[in-house]
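A.B. asks: This structure is in structure tokens; I'll ask about it shortly.
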Amino acid sequence: MANVPAYLCTVKSDAAVLPVAVLGGGAAGFFGAIACAEANPDQPVILLEKTGKLLAKVRVSGGGRCNVTHACDSPAQLTAHYPRGSKPLKSAFQQFGVPETIAWFAKRGVALKTEADGRMFPTTDSSETIARALEEAAHEAGVRIVTNTSVDEIQPHSEHGFSLKLSGSGANQFGGTLAVGRLLVATGGNPKSVNYDWLRTLGHSIAEPVPSLFTFNVPNSPLSELMGVSVPQARVVLAGEKLQYEGPLLITHWGVSGPAVLKLSAWGARRLSELGYVGTALINWLPTHTDETLRPWLQQFRQDNGKKTVASNPLFGLPQRLWRNLAEQAGISAETRWSDLPAKTQNRLLELLLRTPLAVRGKTTYKEEFVTCGGISLDEVDLKTMHSRRVPGLYFAGEVLDIDGITGGFNFQAAWTTGFLAGRAMAAIPTVSV
């Protein structure tokens, strides 16, 4: 069992009770396994991870800091940040939301802090703090962790439980087959529809998966020389579509990124997929302005500051490099003063300030964090317990469901919530072997 601390390799032994199996060693899987084992200490819980790594996404999240959740005052405020699953999640968040998440980690010695934008991180600024807390909680609850073990086939029994056909180095521990009373699927999202076929065979429908939370590729960007330049507030609009989002924006060597782009990609995930990730993004660098307010403002500034050169005196707090680039795109030379600026050239500058066009030709996954729009259809799951409405004893948690949030800790919160509710529900009634 490579990469698994020795203290995770414990197991409850009770031959009269079939174990609960959890598929997936990520945030939702760990939370579900822990919740189940803590709620029912007599219930054996086995967590199966197909790779040799546990909590991989937890460890890379937030640049290695782990954005655990987001400071929200109510379930209603929290649900507003989920492009898929917002309304159905409300009852789930009422049972286990942000306050409960904070308390859960605090009980295990992990304090969280809130940053100015609402994101919450461990005070250590290290994702290892979160991973370690989850691993130790699993150990203390008696969860058995088995890595490098895949489930190749799930066979529901007519009366109760499932038979799991296993492969990989851990399969030998069970003779290749494992009988379980209940099953939690927390295998995460996947960009390929075919990879959900094993769940379709159980009778579930799949909302077709497409990527969410990605940046825009702009191969011939007029801003390419500005890599690393950011603005605290910009509005990104997809031309010809009802898609727009406002927030911080970062210029990269491949195009544009930052919360404004990432959140737009989440809300427009399906439409952008339909468009083949090709279109025109219009950047409004001054989202508090419109044509009607900016035109007279510039005219008045021109009258009051006619001797100032345009390109070397940035306005509106925009970065100097960005301002100079926009001026150059408008055809303004380095020596041109406001008093000498032709009206047509000023109009071009205004247009660029409010609608800089960028030809989007593709996408790039944000850092190492991959989020998928799509998965198990929510109308086939009881979101108060995460129990399948189609298959008795089958539960779901995390991104395998058709739930995804925007950047800022919302996807982890959905994982904690759905995992916790599934774990508690699975622990309620022990399944006795026959």
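Here's how to read the names in the structure tokens: chain A, B, ... by the order shown, residue numbers from 1 in each chain, ligand numbers from 1 in the order shown.
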Could you list, as a PyMOL selection string, every residue within 9 Å of stretch 154-160 of chain A, counting only C-alpha atoms and ignoring same-chain residues fewer than 6 positions away?
C.D. replies: chain A and resi 180-182+198-199+202+391-393+431
A.B. asks: Limited to N, CA and C atoms, could you put the picked residues into a file as an mmCIF file, in the first residue's frame?
C.D. replies:
data_model
loop_
_atom_site.group_PDB
_atom_site.id
_atom_site.type_symbol
_atom_site.label_atom_id
_atom_site.label_comp_id
_atom_site.auth_asym_id
_atom_site.auth_seq_id
_atom_site.Cartn_x
_atom_site.Cartn_y
_atom_site.Cartn_z
ATOM 1 N N VAL A 180 -20.072 -6.042 0.142
ATOM 2 C CA VAL A 180 -20.320 -4.880 1.004
ATOM 3 C C VAL A 180 -21.813 -4.673 1.166
ATOM 4 N N GLY A 181 -22.175 -4.078 2.285
ATOM 5 C CA GLY A 181 -23.586 -3.817 2.544
ATOM 6 C C GLY A 181 -24.091 -2.554 1.889
ATOM 7 N N ARG A 182 -23.248 -1.509 1.878
ATOM 8 C CA ARG A 182 -23.590 -0.251 1.227
ATOM 9 C C ARG A 182 -22.363 0.290 0.526
ATOM 10 N N TRP A 198 -19.881 2.677 -16.208
ATOM 11 C CA TRP A 198 -20.058 1.716 -15.117
ATOM 12 C C TRP A 198 -21.174 2.141 -14.171
ATOM 13 N N LEU A 199 -21.477 3.444 -14.119
ATOM 14 C CA LEU A 199 -22.600 3.921 -13.321
ATOM 15 C C LEU A 199 -23.906 3.861 -14.108
ATOM 16 N N LEU A 202 -25.645 0.613 -13.718
ATOM 17 C CA LEU A 202 -26.399 0.439 -12.473
ATOM 18 C C LEU A 202 -27.791 1.065 -12.564
ATOM 19 N N VAL A 391 -30.987 2.760 -6.950
ATOM 20 C CA VAL A 391 -30.332 1.542 -6.474
ATOM 21 C C VAL A 391 -30.246 1.568 -4.951
ATOM 22 N N PRO A 392 -30.950 0.673 -4.252
ATOM 23 C CA PRO A 392 -30.877 0.636 -2.791
ATOM 24 C C PRO A 392 -29.445 0.393 -2.302
ATOM 25 N N GLY A 393 -29.029 1.145 -1.302
ATOM 26 C CA GLY A 393 -27.708 0.966 -0.716
ATOM 27 C C GLY A 393 -26.588 1.688 -1.423
ATOM 28 N N THR A 431 -25.697 -3.451 8.022
ATOM 29 C CA THR A 431 -26.104 -4.535 7.140
ATOM 30 C C THR A 431 -25.474 -5.824 7.646
#
A.B. asks: Could you find all residues in stretch 222-354 of chain A that DSSP calls alpha helix (DSSP H) from the backbone, and write them as a tab-separated table (two decimals) with all heavy atoms, in the first residue's frame?
C.D. replies:
chain	number	residue	atom	x	y	z
A	259	PRO	N	-10.12	35.27	-11.46
A	259	PRO	CA	-11.49	34.91	-11.07
A	259	PRO	C	-12.56	35.31	-12.07
A	259	PRO	O	-13.54	34.58	-12.25
A	259	PRO	CB	-11.66	35.66	-9.74
A	259	PRO	CG	-10.28	35.71	-9.17
A	259	PRO	CD	-9.37	35.92	-10.36
A	260	ALA	N	-12.42	36.45	-12.74
A	260	ALA	CA	-13.46	36.87	-13.70
A	260	ALA	C	-13.61	35.85	-14.82
A	260	ALA	O	-14.72	35.50	-15.22
A	260	ALA	CB	-13.12	38.24	-14.27
A	261	VAL	N	-12.48	35.35	-15.33
A	261	VAL	CA	-12.52	34.36	-16.42
A	261	VAL	C	-12.94	32.99	-15.89
A	261	VAL	O	-13.78	32.31	-16.50
A	261	VAL	CB	-11.14	34.27	-17.09
A	261	VAL	CG1	-11.11	33.14	-18.12
A	261	VAL	CG2	-10.79	35.60	-17.76
A	262	LEU	N	-12.39	32.58	-14.76
A	262	LEU	CA	-12.70	31.26	-14.21
A	262	LEU	C	-14.19	31.14	-13.88
A	262	LEU	O	-14.82	30.11	-14.16
A	262	LEU	CB	-11.86	31.00	-12.96
A	262	LEU	CG	-10.35	30.89	-13.19
A	262	LEU	CD1	-9.61	30.89	-11.86
A	262	LEU	CD2	-10.00	29.65	-13.98
A	263	LYS	N	-14.74	32.17	-13.28
A	263	LYS	CA	-16.15	32.11	-12.90
A	263	LYS	C	-17.05	32.17	-14.14
A	263	LYS	O	-18.10	31.51	-14.19
A	263	LYS	CB	-16.46	33.22	-11.91
A	263	LYS	CG	-15.77	33.01	-10.57
A	263	LYS	CD	-15.96	34.16	-9.60
A	263	LYS	CE	-15.21	33.89	-8.30
A	263	LYS	NZ	-15.34	34.99	-7.31
A	264	LEU	N	-16.66	32.95	-15.14
A	264	LEU	CA	-17.41	32.96	-16.39
A	264	LEU	C	-17.38	31.57	-17.02
A	264	LEU	O	-18.41	31.09	-17.53
A	264	LEU	CB	-16.81	33.99	-17.34
A	264	LEU	CG	-17.43	34.03	-18.75
A	264	LEU	CD1	-18.91	34.42	-18.67
A	264	LEU	CD2	-16.67	35.00	-19.65
A	265	SER	N	-16.24	30.91	-16.97
A	265	SER	CA	-16.14	29.57	-17.56
A	265	SER	C	-17.03	28.57	-16.84
A	265	SER	O	-17.54	27.63	-17.45
A	265	SER	CB	-14.68	29.09	-17.54
A	265	SER	OG	-14.29	28.63	-16.25
A	266	ALA	N	-17.22	28.77	-15.53
A	266	ALA	CA	-18.08	27.86	-14.77
A	266	ALA	C	-19.54	28.06	-15.15
A	266	ALA	O	-20.27	27.11	-15.42
A	266	ALA	CB	-17.88	28.08	-13.28
A	267	TRP	N	-19.99	29.31	-15.15
A	267	TRP	CA	-21.39	29.58	-15.48
A	267	TRP	C	-21.69	29.25	-16.94
A	267	TRP	O	-22.81	28.85	-17.27
A	267	TRP	CB	-21.73	31.04	-15.18
A	267	TRP	CG	-21.82	31.31	-13.71
A	267	TRP	CD1	-20.91	31.96	-12.94
A	267	TRP	CD2	-22.87	30.92	-12.82
A	267	TRP	NE1	-21.32	31.99	-11.63
A	267	TRP	CE2	-22.52	31.37	-11.52
A	267	TRP	CE3	-24.07	30.24	-12.99
A	267	TRP	CZ2	-23.32	31.15	-10.40
A	267	TRP	CZ3	-24.87	30.02	-11.88
A	267	TRP	CH2	-24.50	30.47	-10.61
A	269	ALA	N	-20.08	26.89	-18.78
A	269	ALA	CA	-19.38	25.65	-19.13
A	269	ALA	C	-20.02	24.92	-20.30
A	269	ALA	O	-19.34	24.52	-21.26
A	269	ALA	CB	-19.29	24.73	-17.92
A	270	ARG	N	-21.33	24.72	-20.25
A	270	ARG	CA	-21.99	23.96	-21.32
A	270	ARG	C	-22.03	24.73	-22.64
A	270	ARG	O	-21.78	24.17	-23.70
A	270	ARG	CB	-23.40	23.56	-20.88
A	270	ARG	CG	-23.39	22.56	-19.74
A	270	ARG	CD	-24.60	21.65	-19.78
A	270	ARG	NE	-24.49	20.62	-18.75
A	270	ARG	CZ	-23.80	19.50	-18.89
A	270	ARG	NH1	-23.16	19.26	-20.02
A	270	ARG	NH2	-23.73	18.62	-17.91
A	271	ARG	N	-22.33	26.03	-22.56
A	271	ARG	CA	-22.39	26.82	-23.78
A	271	ARG	C	-21.01	26.94	-24.43
A	271	ARG	O	-20.88	26.83	-25.65
A	271	ARG	CB	-22.96	28.21	-23.48
A	271	ARG	CG	-23.09	29.12	-24.70
A	271	ARG	CD	-23.92	28.48	-25.79
A	271	ARG	NE	-24.03	29.32	-26.97
A	271	ARG	CZ	-24.26	28.86	-28.18
A	271	ARG	NH1	-24.41	27.55	-28.39
A	271	ARG	NH2	-24.36	29.69	-29.21
A	272	LEU	N	-19.98	27.14	-23.64
A	272	LEU	CA	-18.63	27.24	-24.18
A	272	LEU	C	-18.20	25.93	-24.83
A	272	LEU	O	-17.51	25.93	-25.85
A	272	LEU	CB	-17.66	27.64	-23.08
A	272	LEU	CG	-17.77	29.11	-22.63
A	272	LEU	CD1	-17.10	29.32	-21.28
A	272	LEU	CD2	-17.14	30.02	-23.68
A	273	SER	N	-18.64	24.81	-24.26
A	273	SER	CA	-18.35	23.51	-24.86
A	273	SER	C	-19.03	23.41	-26.22
A	273	SER	O	-18.44	22.93	-27.20
A	273	SER	CB	-18.82	22.38	-23.94
A	273	SER	OG	-18.65	21.12	-24.55
A	274	GLU	N	-20.29	23.85	-26.29
A	274	GLU	CA	-21.02	23.82	-27.56
A	274	GLU	C	-20.33	24.68	-28.62
A	274	GLU	O	-20.35	24.35	-29.81
A	274	GLU	CB	-22.45	24.33	-27.35
A	274	GLU	CG	-23.31	23.40	-26.50
A	274	GLU	CD	-24.65	24.03	-26.12
A	274	GLU	OE1	-24.86	25.22	-26.48
A	274	GLU	OE2	-25.45	23.36	-25.46
A	291	ASP	N	-20.58	53.68	-22.03
A	291	ASP	CA	-20.31	54.71	-23.05
A	291	ASP	C	-20.84	56.06	-22.61
A	291	ASP	O	-20.19	57.09	-22.80
A	291	ASP	CB	-20.99	54.30	-24.37
A	291	ASP	CG	-20.33	53.09	-25.01
A	291	ASP	OD1	-20.61	51.97	-24.55
A	291	ASP	OD2	-19.54	53.26	-25.94
A	292	GLU	N	-22.03	56.05	-22.02
A	292	GLU	CA	-22.68	57.30	-21.65
A	292	GLU	C	-21.97	58.04	-20.52
A	292	GLU	O	-22.04	59.27	-20.43
A	292	GLU	CB	-24.13	57.02	-21.23
A	292	GLU	CG	-25.05	56.58	-22.36
A	292	GLU	CD	-24.75	55.18	-22.85
A	292	GLU	OE1	-24.18	54.37	-22.06
A	292	GLU	OE2	-25.06	54.88	-24.02
A	293	THR	N	-21.27	57.28	-19.64
A	293	THR	CA	-20.56	57.96	-18.54
A	293	THR	C	-19.10	58.22	-18.87
A	293	THR	O	-18.54	59.23	-18.45
A	293	THR	CB	-20.62	57.11	-17.26
A	293	THR	OG1	-19.96	55.85	-17.47
A	293	THR	CG2	-22.06	56.88	-16.83
A	294	LEU	N	-18.48	57.33	-19.65
A	294	LEU	CA	-17.06	57.49	-19.94
A	294	LEU	C	-16.78	58.60	-20.95
A	294	LEU	O	-15.80	59.34	-20.80
A	294	LEU	CB	-16.49	56.16	-20.46
A	294	LEU	CG	-14.97	56.14	-20.71
A	294	LEU	CD1	-14.21	56.52	-19.45
A	294	LEU	CD2	-14.53	54.77	-21.21
A	295	ARG	N	-17.65	58.75	-21.94
A	295	ARG	CA	-17.39	59.76	-22.98
A	295	ARG	C	-17.31	61.17	-22.40
A	295	ARG	O	-16.32	61.88	-22.65
A	295	ARG	CB	-18.48	59.67	-24.06
A	295	ARG	CG	-18.13	60.40	-25.34
A	295	ARG	CD	-19.19	60.13	-26.40
A	295	ARG	NE	-19.33	58.71	-26.69
A	295	ARG	CZ	-18.53	58.02	-27.48
A	295	ARG	NH1	-17.50	58.64	-28.07
A	295	ARG	NH2	-18.72	56.74	-27.69
A	296	PRO	N	-18.29	61.61	-21.64
A	296	PRO	CA	-18.17	62.97	-21.07
A	296	PRO	C	-17.02	63.08	-20.06
A	296	PRO	O	-16.42	64.16	-19.94
A	296	PRO	CB	-19.52	63.21	-20.41
A	296	PRO	CG	-20.13	61.87	-20.23
A	296	PRO	CD	-19.61	61.04	-21.34
A	297	TRP	N	-16.72	61.99	-19.36
A	297	TRP	CA	-15.62	62.02	-18.39
A	297	TRP	C	-14.30	62.29	-19.12
A	297	TRP	O	-13.50	63.14	-18.70
A	297	TRP	CB	-15.54	60.71	-17.64
A	297	TRP	CG	-14.66	60.76	-16.43
A	297	TRP	CD1	-15.03	60.91	-15.14
A	297	TRP	CD2	-13.21	60.66	-16.41
A	297	TRP	NE1	-13.94	60.92	-14.30
A	297	TRP	CE2	-12.80	60.78	-15.06
A	297	TRP	CE3	-12.23	60.51	-17.39
A	297	TRP	CZ2	-11.46	60.74	-14.68
A	297	TRP	CZ3	-10.90	60.47	-17.01
A	297	TRP	CH2	-10.52	60.58	-15.67
A	298	LEU	N	-14.06	61.57	-20.22
A	298	LEU	CA	-12.83	61.77	-20.98
A	298	LEU	C	-12.78	63.17	-21.59
A	298	LEU	O	-11.71	63.80	-21.65
A	298	LEU	CB	-12.72	60.72	-22.08
A	298	LEU	CG	-12.35	59.29	-21.65
A	298	LEU	CD1	-12.37	58.35	-22.85
A	298	LEU	CD2	-10.98	59.26	-20.97
A	299	GLN	N	-13.92	63.63	-22.04
A	299	GLN	CA	-13.96	64.96	-22.65
A	299	GLN	C	-13.59	66.04	-21.64
A	299	GLN	O	-12.82	66.96	-21.94
A	299	GLN	CB	-15.37	65.23	-23.22
A	299	GLN	CG	-15.44	66.44	-24.15
A	299	GLN	CD	-14.54	66.27	-25.37
A	299	GLN	OE1	-14.38	65.16	-25.89
A	299	GLN	NE2	-13.94	67.37	-25.83
A	300	GLN	N	-14.10	65.91	-20.44
A	300	GLN	CA	-13.78	66.88	-19.40
A	300	GLN	C	-12.30	66.77	-19.00
A	300	GLN	O	-11.62	67.79	-18.80
A	300	GLN	CB	-14.66	66.64	-18.17
A	300	GLN	CG	-14.50	67.68	-17.07
A	300	GLN	CD	-14.89	69.07	-17.54
A	300	GLN	OE1	-15.99	69.27	-18.06
A	300	GLN	NE2	-13.99	70.04	-17.37
A	301	PHE	N	-11.80	65.55	-18.87
A	301	PHE	CA	-10.39	65.36	-18.53
A	301	PHE	C	-9.51	65.98	-19.60
A	301	PHE	O	-8.49	66.62	-19.29
A	301	PHE	CB	-10.08	63.87	-18.39
A	301	PHE	CG	-8.65	63.60	-17.99
A	301	PHE	CD1	-8.29	63.56	-16.66
A	301	PHE	CD2	-7.67	63.40	-18.96
A	301	PHE	CE1	-6.96	63.32	-16.28
A	301	PHE	CE2	-6.34	63.17	-18.60
A	301	PHE	CZ	-6.00	63.13	-17.24
A	302	ARG	N	-9.89	65.82	-20.84
A	302	ARG	CA	-9.11	66.38	-21.95
A	302	ARG	C	-9.05	67.89	-21.86
A	302	ARG	O	-7.99	68.49	-22.09
A	302	ARG	CB	-9.75	65.93	-23.25
A	302	ARG	CG	-9.15	66.53	-24.50
A	302	ARG	CD	-9.80	65.95	-25.73
A	302	ARG	NE	-9.22	66.51	-26.94
A	302	ARG	CZ	-9.29	65.95	-28.13
A	302	ARG	NH1	-9.93	64.78	-28.24
A	302	ARG	NH2	-8.74	66.50	-29.18
A	303	GLN	N	-10.15	68.50	-21.52
A	303	GLN	CA	-10.16	69.96	-21.42
A	303	GLN	C	-9.30	70.45	-20.26
A	303	GLN	O	-8.65	71.49	-20.35
A	303	GLN	CB	-11.60	70.45	-21.23
A	303	GLN	CG	-12.49	70.23	-22.45
A	303	GLN	CD	-13.93	70.66	-22.19
A	303	GLN	OE1	-14.23	71.31	-21.20
A	303	GLN	NE2	-14.82	70.30	-23.12
A	304	ASP	N	-9.30	69.69	-19.17
A	304	ASP	CA	-8.56	70.11	-17.97
A	304	ASP	C	-7.08	69.73	-18.01
A	304	ASP	O	-6.29	70.29	-17.24
A	304	ASP	CB	-9.20	69.49	-16.72
A	304	ASP	CG	-10.63	69.94	-16.50
A	304	ASP	OD1	-11.01	70.99	-17.06
A	304	ASP	OD2	-11.37	69.23	-15.79
A	320	GLN	N	0.27	50.86	-15.65
A	320	GLN	CA	0.87	51.68	-16.69
A	320	GLN	C	1.11	50.90	-17.98
A	320	GLN	O	0.86	51.40	-19.08
A	320	GLN	CB	2.18	52.29	-16.20
A	320	GLN	CG	2.80	53.28	-17.19
A	320	GLN	CD	3.92	54.09	-16.58
A	320	GLN	OE1	4.27	53.90	-15.43
A	320	GLN	NE2	4.47	55.02	-17.35
A	321	ARG	N	1.58	49.66	-17.83
A	321	ARG	CA	1.85	48.85	-19.03
A	321	ARG	C	0.57	48.58	-19.81
A	321	ARG	O	0.57	48.60	-21.05
A	321	ARG	CB	2.53	47.54	-18.64
A	321	ARG	CG	3.95	47.70	-18.13
A	321	ARG	CD	4.46	46.38	-17.57
A	321	ARG	NE	4.49	45.32	-18.58
A	321	ARG	CZ	4.54	44.04	-18.31
A	321	ARG	NH1	4.54	43.61	-17.04
A	321	ARG	NH2	4.57	43.14	-19.28
A	322	LEU	N	-0.52	48.30	-19.10
A	322	LEU	CA	-1.79	48.05	-19.76
A	322	LEU	C	-2.29	49.32	-20.44
A	322	LEU	O	-2.75	49.28	-21.60
A	322	LEU	CB	-2.83	47.57	-18.74
A	322	LEU	CG	-4.26	47.41	-19.26
A	322	LEU	CD1	-4.32	46.40	-20.40
A	322	LEU	CD2	-5.20	46.99	-18.13
A	323	TRP	N	-2.21	50.45	-19.76
A	323	TRP	CA	-2.68	51.72	-20.33
A	323	TRP	C	-1.90	52.05	-21.60
A	323	TRP	O	-2.48	52.45	-22.62
A	323	TRP	CB	-2.54	52.84	-19.30
A	323	TRP	CG	-2.93	54.19	-19.85
A	323	TRP	CD1	-2.10	55.13	-20.38
A	323	TRP	CD2	-4.26	54.72	-19.95
A	323	TRP	NE1	-2.83	56.22	-20.80
A	323	TRP	CE2	-4.16	55.99	-20.55
A	323	TRP	CE3	-5.51	54.25	-19.59
A	323	TRP	CZ2	-5.25	56.81	-20.78
A	323	TRP	CZ3	-6.62	55.05	-19.83
A	323	TRP	CH2	-6.49	56.31	-20.42
A	324	ARG	N	-0.58	51.88	-21.54
A	324	ARG	CA	0.25	52.19	-22.71
A	324	ARG	C	-0.11	51.25	-23.86
A	324	ARG	O	-0.17	51.69	-25.03
A	324	ARG	CB	1.73	52.03	-22.35
A	324	ARG	CG	2.67	52.51	-23.45
A	324	ARG	CD	4.14	52.26	-23.10
A	324	ARG	NE	4.49	52.96	-21.87
A	324	ARG	CZ	4.88	52.34	-20.77
A	324	ARG	NH1	4.94	51.02	-20.73
A	324	ARG	NH2	5.21	53.04	-19.70
A	325	ASN	N	-0.37	49.98	-23.56
A	325	ASN	CA	-0.74	49.03	-24.60
A	325	ASN	C	-2.06	49.43	-25.27
A	325	ASN	O	-2.18	49.40	-26.50
A	325	ASN	CB	-0.86	47.63	-24.00
A	325	ASN	CG	-1.31	46.58	-24.99
A	325	ASN	OD1	-2.48	46.50	-25.35
A	325	ASN	ND2	-0.37	45.76	-25.45
A	326	LEU	N	-3.04	49.82	-24.47
A	326	LEU	CA	-4.33	50.22	-25.03
A	326	LEU	C	-4.19	51.48	-25.88
A	326	LEU	O	-4.83	51.63	-26.93
A	326	LEU	CB	-5.34	50.44	-23.90
A	326	LEU	CG	-5.71	49.20	-23.08
A	326	LEU	CD1	-6.64	49.56	-21.94
A	326	LEU	CD2	-6.35	48.12	-23.95
A	327	ALA	N	-3.33	52.39	-25.41
A	327	ALA	CA	-3.10	53.61	-26.19
A	327	ALA	C	-2.45	53.28	-27.53
A	327	ALA	O	-2.83	53.84	-28.58
A	327	ALA	CB	-2.22	54.57	-25.39
A	328	GLU	N	-1.49	52.38	-27.52
A	328	GLU	CA	-0.85	51.97	-28.77
A	328	GLU	C	-1.84	51.30	-29.71
A	328	GLU	O	-1.81	51.54	-30.93
A	328	GLU	CB	0.32	51.03	-28.46
A	328	GLU	CG	1.49	51.71	-27.78
A	328	GLU	CD	2.57	50.72	-27.38
A	328	GLU	OE1	2.36	49.49	-27.58
A	328	GLU	OE2	3.61	51.15	-26.85
A	329	GLN	N	-2.71	50.44	-29.16
A	329	GLN	CA	-3.73	49.79	-30.00
A	329	GLN	C	-4.66	50.82	-30.63
A	329	GLN	O	-5.15	50.62	-31.74
A	329	GLN	CB	-4.55	48.80	-29.16
A	329	GLN	CG	-3.83	47.53	-28.77
A	329	GLN	CD	-4.81	46.52	-28.18
A	329	GLN	OE1	-5.75	46.09	-28.87
A	329	GLN	NE2	-4.60	46.14	-26.93
A	343	ALA	N	-10.51	63.17	-32.47
A	343	ALA	CA	-11.75	62.62	-31.90
A	343	ALA	C	-11.90	61.13	-32.23
A	343	ALA	O	-12.30	60.34	-31.38
A	343	ALA	CB	-12.94	63.40	-32.41
A	344	LYS	N	-11.56	60.73	-33.45
A	344	LYS	CA	-11.70	59.33	-33.84
A	344	LYS	C	-10.75	58.44	-33.02
A	344	LYS	O	-11.12	57.32	-32.64
A	344	LYS	CB	-11.40	59.16	-35.33
A	344	LYS	CG	-12.50	59.71	-36.24
A	344	LYS	CD	-12.19	59.38	-37.69
A	344	LYS	CE	-13.31	59.89	-38.61
A	344	LYS	NZ	-13.03	59.57	-40.03
A	345	THR	N	-9.56	58.96	-32.76
A	345	THR	CA	-8.60	58.19	-31.97
A	345	THR	C	-9.07	58.07	-30.53
A	345	THR	O	-8.93	57.02	-29.89
A	345	THR	CB	-7.21	58.85	-32.03
A	345	THR	OG1	-6.83	59.03	-33.39
A	345	THR	CG2	-6.17	57.99	-31.33
A	346	GLN	N	-9.64	59.16	-30.00
A	346	GLN	CA	-10.18	59.10	-28.64
A	346	GLN	C	-11.32	58.09	-28.56
A	346	GLN	O	-11.45	57.36	-27.57
A	346	GLN	CB	-10.67	60.48	-28.21
A	346	GLN	CG	-11.26	60.50	-26.80
A	346	GLN	CD	-11.65	61.89	-26.35
A	346	GLN	OE1	-10.82	62.80	-26.35
A	346	GLN	NE2	-12.91	62.07	-25.96
A	347	ASN	N	-12.12	58.02	-29.60
A	347	ASN	CA	-13.22	57.06	-29.63
A	347	ASN	C	-12.69	55.62	-29.65
A	347	ASN	O	-13.28	54.72	-29.04
A	347	ASN	CB	-14.11	57.29	-30.85
A	347	ASN	CG	-14.96	58.54	-30.70
A	347	ASN	OD1	-15.20	59.02	-29.58
A	347	ASN	ND2	-15.42	59.10	-31.82
A	348	ARG	N	-11.57	55.39	-30.35
A	348	ARG	CA	-10.97	54.06	-30.37
A	348	ARG	C	-10.46	53.68	-28.99
A	348	ARG	O	-10.60	52.54	-28.55
A	348	ARG	CB	-9.83	54.00	-31.40
A	348	ARG	CG	-10.29	53.94	-32.84
A	348	ARG	CD	-9.21	53.39	-33.75
A	348	ARG	NE	-8.06	54.30	-33.83
A	348	ARG	CZ	-7.93	55.29	-34.71
A	348	ARG	NH1	-8.90	55.50	-35.61
A	348	ARG	NH2	-6.86	56.05	-34.72
A	349	LEU	N	-9.87	54.66	-28.29
A	349	LEU	CA	-9.40	54.40	-26.92
A	349	LEU	C	-10.57	54.07	-26.01
A	349	LEU	O	-10.50	53.12	-25.20
A	349	LEU	CB	-8.64	55.61	-26.39
A	349	LEU	CG	-8.15	55.50	-24.93
A	349	LEU	CD1	-7.17	54.35	-24.79
A	349	LEU	CD2	-7.51	56.82	-24.49
A	350	LEU	N	-11.66	54.80	-26.13
A	350	LEU	CA	-12.85	54.54	-25.32
A	350	LEU	C	-13.36	53.13	-25.59
A	350	LEU	O	-13.72	52.40	-24.65
A	350	LEU	CB	-13.93	55.58	-25.63
A	350	LEU	CG	-15.26	55.43	-24.88
A	350	LEU	CD1	-15.89	56.82	-24.63
A	350	LEU	CD2	-16.28	54.59	-25.64
A	351	GLU	N	-13.40	52.76	-26.85
A	351	GLU	CA	-13.89	51.43	-27.21
A	351	GLU	C	-13.01	50.34	-26.59
A	351	GLU	O	-13.52	49.33	-26.08
A	351	GLU	CB	-13.91	51.29	-28.73
A	351	GLU	CG	-14.44	49.96	-29.25
A	351	GLU	CD	-15.92	49.76	-28.99
A	351	GLU	OE1	-16.63	50.76	-28.69
A	351	GLU	OE2	-16.38	48.61	-29.07
A	352	LEU	N	-11.71	50.53	-26.60
A	352	LEU	CA	-10.80	49.54	-26.03
A	352	LEU	C	-10.91	49.48	-24.52
A	352	LEU	O	-10.79	48.41	-23.91
A	352	LEU	CB	-9.36	49.86	-26.43
A	352	LEU	CG	-9.00	49.59	-27.89
A	352	LEU	CD1	-7.68	50.25	-28.26
A	352	LEU	CD2	-8.93	48.09	-28.15
A	353	LEU	N	-11.15	50.62	-23.87
A	353	LEU	CA	-11.31	50.62	-22.42
A	353	LEU	C	-12.55	49.84	-22.00
A	353	LEU	O	-12.56	49.18	-20.96
A	353	LEU	CB	-11.40	52.06	-21.91
A	353	LEU	CG	-10.09	52.86	-21.91
A	353	LEU	CD1	-10.37	54.34	-21.66
A	353	LEU	CD2	-9.13	52.31	-20.85
A	354	LEU	N	-13.59	49.90	-22.82
A	354	LEU	CA	-14.85	49.24	-22.47
A	354	LEU	C	-15.04	47.88	-23.14
A	354	LEU	O	-15.79	47.05	-22.63
A	354	LEU	CB	-16.03	50.15	-22.85
A	354	LEU	CG	-16.12	51.50	-22.13
A	354	LEU	CD1	-17.36	52.26	-22.60
A	354	LEU	CD2	-16.16	51.31	-20.63
A.B. asks: Give me the residues within 6 Å of A:Ile46 as a list in words, counting only C-alpha atoms and dropping any in the same chain fewer than 2 places off.
C.D. replies: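 The contact residues come out as Ala21, Val143 and Arg144 of chain A.
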A.B. asks: Taking into account only C-alpha atoms, which residue in the set A:Phe162, A:Asp197, A:Leu213, A:Glu225 is nearest to A:Leu184?
C.D. replies: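 Between A:Phe162, A:Asp197, A:Leu213, A:Glu225, the residue approaching A:Leu184 most closely is A:Phe162.
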A.B. asks: Which residues come within 7 Å of A:Gly408, counting only C-alpha atoms, excluding same-chain residues fewer than 6 positions away, as a list in words?
C.D. replies: Asn67, His70 and Arg119 of chain A
A.B. asks: Those selected residues, please, written with C-alpha atoms and delivered as a compact mmCIF listing (two decimals), in the first residue's frame.
C.D. replies:
# COMPACT_ATOMS: atom_id res chain seq x y z
CA ASN A 67 -9.07 26.68 -0.03
CA HIS A 70 -15.90 30.17 1.70
CA ARG A 119 -11.90 32.38 0.84
A.B. asks: Determine which residues of stretch 271-434 of chain A receive a DSSP assignment of strand (DSSP E or B), computed from the backbone, and state them as number ranges by chain.
C.D. replies: A: 278-284, 309, 337, 356-361, 363-365, 371-376, 381-382, 387-388, 394-396, 401, 404, 432
A.B. asks: Report, in Å to a single decimal, how far apart atom CA of A:Ala80 and atom CA of A:Pro122 are.
C.D. replies: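 Here the two named atoms are 23.8 Å from each other.
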